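Student: There's a structure below that I have some questions on.
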Amino acid sequence: METQEISEHFPLLHNLNSETVEWLASIAEKDNYSKGEIIIPEDSWGKAVYFIISGWVKVENIYTQENITIEIIGRGGCVGEAGILDGIDDNIRVTAISEVEVLAVSAQRFIQILF
């Protein structure tokens, strides 16, 4: 993705300067997931943030035997940032509910972007 596309596509990144967005584009890894594939397993919170380029993901609480859908997120959204910023509970899982394409940024790089 081009720098301008990234800024326009992801509201979370609108206020970043162009140099930071260019750096983000250079370090982000593009990944694809199939429907039903787990993007963030419950034991991987806080390792990366995933910016959704296309498709839909489901964020679930799997604390009990019955999984509870917390949120459905699509294009322009992101997942994983709460695990980096808040140390969110590791009983949360993110699963692709369609074909999904993401830009993945490691936790360390994401923190660098914020500062």
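For the structure tokens, the naming scheme is as follows: chains receive sequential letters (A, B, ...) according to their order of presentation, residues are indexed from 1 within each chain, and ligands are indexed from 1 in presentation order.
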Find the residues near A:Val79: any atom within 9 Å, counting only C-alpha atoms, skip ones fewer than 2 places away on the same chain, and give them as a ChimeraX atom specification.
Tutor: /A:40,48-52,57,59,73,77,81-83,94
Student: Determine the nearest neighbour of A:Lys58 from the options A:Ile84, A:Ile72, A:Leu16, A:Glu8, counting only C-alpha atoms.
Tutor: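 Counting only C-alpha atoms, the residue closest to A:Lys58 is A:Ile72.
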Student: Give me, as a list of chain:residue names, all polymer residues having an atom no more than 10 Å from A:Val105, counting only C-alpha atoms and skipping those fewer than 4 positions away in the same chain.
Tutor: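 What passes the distance filter is A:Leu24, A:Ala25, A:Ile27, A:Ala28, A:Glu29, A:Lys30, A:Lys47, A:Ala48, A:Val49, A:Tyr50, A:Phe51, A:Gly80, A:Glu81, A:Arg109, A:Phe110, A:Ile111, A:Ile113.
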Student: Using DSSP on the backbone coordinates, identify the residues of chain A assigned to helix (DSSP H, G or I); present them as a count of residues only.
Tutor: 33
Student: How many Å separate atom CA of A:Pro11 from atom CA of A:Gly76?
Tutor: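 Those two atoms sit 6.9 Å apart.
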Student: Using only C-alpha atoms, which of the listed residues (A:Asp31, A:Glu42, A:Glu2, A:Glu101) sits closest to A:Asn61?
Tutor: A:Glu42
Student: Show which residues sit within 8 Å of A:Ile39, as a PDB file with N, CA and C atoms, in the first residue's frame. Count only C-alpha atoms, and ignore same-chain residues fewer than 3 positions away.
Tutor:
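Result went into result09.pdb, see below:
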```pdb
ATOM      1  N   TYR A  33      -5.392 -14.223   5.364  1.00  0.00           N
ATOM      2  CA  TYR A  33      -5.999 -15.275   6.174  1.00  0.00           C
ATOM      3  C   TYR A  33      -7.263 -15.767   5.477  1.00  0.00           C
ATOM      4  N   ARG A  93      -9.703 -13.987  21.358  1.00  0.00           N
ATOM      5  CA  ARG A  93      -9.195 -14.567  20.117  1.00  0.00           C
ATOM      6  C   ARG A  93      -9.785 -13.788  18.948  1.00  0.00           C
ATOM      7  N   VAL A  94      -9.005 -13.634  17.873  1.00  0.00           N
ATOM      8  CA  VAL A  94      -9.467 -12.970  16.655  1.00  0.00           C
ATOM      9  C   VAL A  94      -9.419 -13.982  15.521  1.00  0.00           C
ATOM     10  N   THR A  95     -10.569 -14.128  14.837  1.00  0.00           N
ATOM     11  CA  THR A  95     -10.717 -15.114  13.774  1.00  0.00           C
ATOM     12  C   THR A  95     -11.233 -14.443  12.513  1.00  0.00           C
ATOM     13  N   ALA A  96     -10.729 -14.842  11.364  1.00  0.00           N
ATOM     14  CA  ALA A  96     -11.219 -14.344  10.074  1.00  0.00           C
ATOM     15  C   ALA A  96     -12.603 -14.944   9.817  1.00  0.00           C
TER      16      ALA A  96
END
```
Student: Nearest residue to A:Ser98 out of A:Trp56, A:Phe10, A:Trp23, A:Trp45, using only C-alpha atoms?
Tutor: A:Trp56
